[in-house]
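Student: So I've got this file, final_10.csv, and it contains CSV, C-alpha atoms and all ligand atoms:
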chain,number,residue,atom,x,y,z
C,3,MET,CA,0.0,0.0,0.0
C,4,ASN,CA,1.5,3.3,-1.0
C,5,TRP,CA,1.1,6.5,0.9
C,6,ASP,CA,-1.6,7.9,-1.4
C,7,THR,CA,-3.7,4.8,-1.0
C,8,TYR,CA,-3.2,4.9,2.7
C,9,HIS,CA,-4.3,8.5,2.9
C,10,ILE,CA,-7.4,7.8,0.8
C,11,THR,CA,-8.3,4.8,3.0
C,12,GLU,CA,-8.0,6.8,6.1
C,13,ARG,CA,-10.0,9.6,4.6
C,14,LEU,CA,-12.7,7.2,3.6
C,15,ARG,CA,-12.9,5.7,7.1
C,16,ASP,CA,-13.4,9.2,8.5
C,17,ILE,CA,-16.3,9.9,6.2
C,18,LYS,CA,-17.8,6.4,5.9
C,19,TYR,CA,-20.7,7.0,8.2
C,20,TYR,CA,-22.9,10.0,8.8
C,21,ALA,CA,-25.9,10.4,11.0
C,22,CYS,CA,-29.0,10.4,8.8
C,23,PRO,CA,-30.8,13.8,9.0
C,24,HIS,CA,-34.2,12.0,8.8
C,25,CYS,CA,-34.0,9.2,11.4
C,26,GLY,CA,-30.6,9.6,13.1
C,27,ALA,CA,-29.4,6.2,12.0
C,28,GLN,CA,-26.0,5.7,10.5
C,29,ALA,CA,-26.0,6.3,6.8
C,30,ILE,CA,-23.2,4.8,4.7
C,31,VAL,CA,-21.2,6.7,2.1
C,32,LEU,CA,-21.6,5.5,-1.5
C,33,THR,CA,-18.4,4.3,-3.0
C,34,ALA,CA,-17.5,4.0,-6.6
C,35,LEU,CA,-18.1,0.3,-7.6
C,36,GLU,CA,-14.9,0.0,-9.5
C,37,THR,CA,-12.6,0.8,-6.7
C,38,GLU,CA,-14.6,0.7,-3.5
C,39,GLN,CA,-12.1,3.3,-2.3
C,40,LEU,CA,-13.3,6.7,-3.5
C,41,PRO,CA,-16.6,8.0,-2.4
C,42,GLU,CA,-19.3,8.5,-5.0
C,43,ARG,CA,-19.7,12.2,-5.8
C,44,ASP,CA,-22.8,14.0,-6.9
C,45,GLU,CA,-22.7,16.7,-9.7
C,46,ASN,CA,-21.5,19.2,-7.1
C,47,GLY,CA,-18.7,17.1,-5.8
C,48,HIS,CA,-20.4,16.2,-2.5
C,49,CYS,CA,-20.2,12.8,-1.0
C,50,GLN,CA,-23.4,10.9,-1.2
C,51,TYR,CA,-24.8,8.8,1.6
C,52,HIS,CA,-27.4,6.1,1.8
C,53,CYS,CA,-29.6,5.7,4.8
C,54,ILE,CA,-30.3,2.0,4.9
C,55,ALA,CA,-33.2,2.2,7.4
C,56,TYR,CA,-35.4,4.3,5.1
C,57,HIS,CA,-33.6,4.2,1.8
C,58,ARG,CA,-33.0,7.8,1.6
C,59,TYR,CA,-30.0,9.5,-0.1
C,60,PHE,CA,-28.4,12.8,0.9
C,61,SER,CA,-25.2,14.6,0.2
C,62,VAL,CA,-22.6,16.1,2.6
C,63,ASP,CA,-20.1,18.7,1.6
C,64,ALA,CA,-16.4,19.0,2.5
C,65,TYR,CA,-17.3,20.9,5.7
C,66,GLN,CA,-19.5,18.0,6.9
C,67,SER,CA,-22.7,19.9,6.5
C,68,ILE,CA,-25.7,18.4,4.8
C,69,PHE,CA,-26.0,20.0,1.4
C,70,GLN,CA,-29.0,18.4,0.0
C,71,GLU,CA,-31.4,15.6,0.7
C,72,LYS,CA,-33.3,13.4,-1.7
C,73,GLY,CA,-35.5,10.4,-1.2
C,74,ILE,CA,-36.5,7.7,-3.6
C,75,LYS,CA,-39.8,8.4,-5.1
U,101,ZN,ZN,-32.6,7.7,7.8
What does the file become when written as structure tokens?
Ligand SMILES: [Zn+2]
Tutor:
Amino acid sequence: MNWDTYHITERLRDIKYYACPHCGAQAIVLTALETEQLPERDENGHCQYHCIAYHRYFSVDAYQSIFQEKGIK
């Protein structure tokens, strides 16, 4: 594991979970399927999270504030 990979892994661990704004359960960051290393980004570059309990998606920006929320219709 090179240093860049180590850094990314540490970063991903830091941001892997986020409290769901709807129900307070842990939501899990979406990762790119090809690598399972880099978080999936929305069109604004924000990390996307999936609340498993209620199947809602929301995005969190680099300052860890919730930028937008969206549910499955
Ligand atoms: Zn939730």
Student: Looking at C:Cys22, C:Val62, C:Cys49, C:Leu40, which one is nearest to ligand ZN 101 (chain U), with distances taken over all atoms listed in the file?
Tutor: C:Cys22
Student: Rank C:His48, C:Arg43, C:His24, C:His9 by their smallest atom-to-atom distance to ligand ZN 101 (chain U), using only C-alpha atoms and all ligand atoms, and report the top residue only.
Tutor: C:His24
Student: For the contact check between chain C and ligand ZN 101 (chain U), emit one row per residue of chain C within 6 Å, containing the shortest atom pair and the distance in Å rounded to one decimal, counting only C-alpha atoms and all ligand atoms, chain then rising number order, as CSV.
Tutor:
residue,atom,partner,partner_atom,distance
C:Cys22,CA,U:ZN101,ZN,4.6
C:His24,CA,U:ZN101,ZN,4.7
C:Cys25,CA,U:ZN101,ZN,4.1
C:Gly26,CA,U:ZN101,ZN,6.0
C:Ala27,CA,U:ZN101,ZN,5.5
C:Cys53,CA,U:ZN101,ZN,4.7
C:Ala55,CA,U:ZN101,ZN,5.5
C:Tyr56,CA,U:ZN101,ZN,5.2
Student: Go through C:Arg58, C:Asp6, C:His52, C:Asn46 and flag the residue nearest Tyr19 of chain C, using all atoms listed in the file for the distances.
Tutor: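 The closest residue to Tyr19 of chain C is C:His52.
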Student: Would you compute the distance between atom CA of Ile30 of chain C and atom CA of Asp16 of chain C? Give it in Å to one decimal.
Tutor: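 So the answer is 11.4 Å.
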Student: Could you tell me which of C:Gly47, C:Glu42, C:Arg13, C:His57 comes closest to Ala29 of chain C if we count only C-alpha atoms?
Tutor: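 That would be C:His57, the residue with the smallest distance to Ala29 of chain C.
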Student: Give me the residues within 7 Å of Tyr51 of chain C as a list in words, counting only C-alpha atoms and dropping any in the same chain fewer than 4 places off.
Tutor: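 Selected residues are Ala29, Ile30, Val31, Leu32, Tyr59, Phe60 and Ser61 of chain C.
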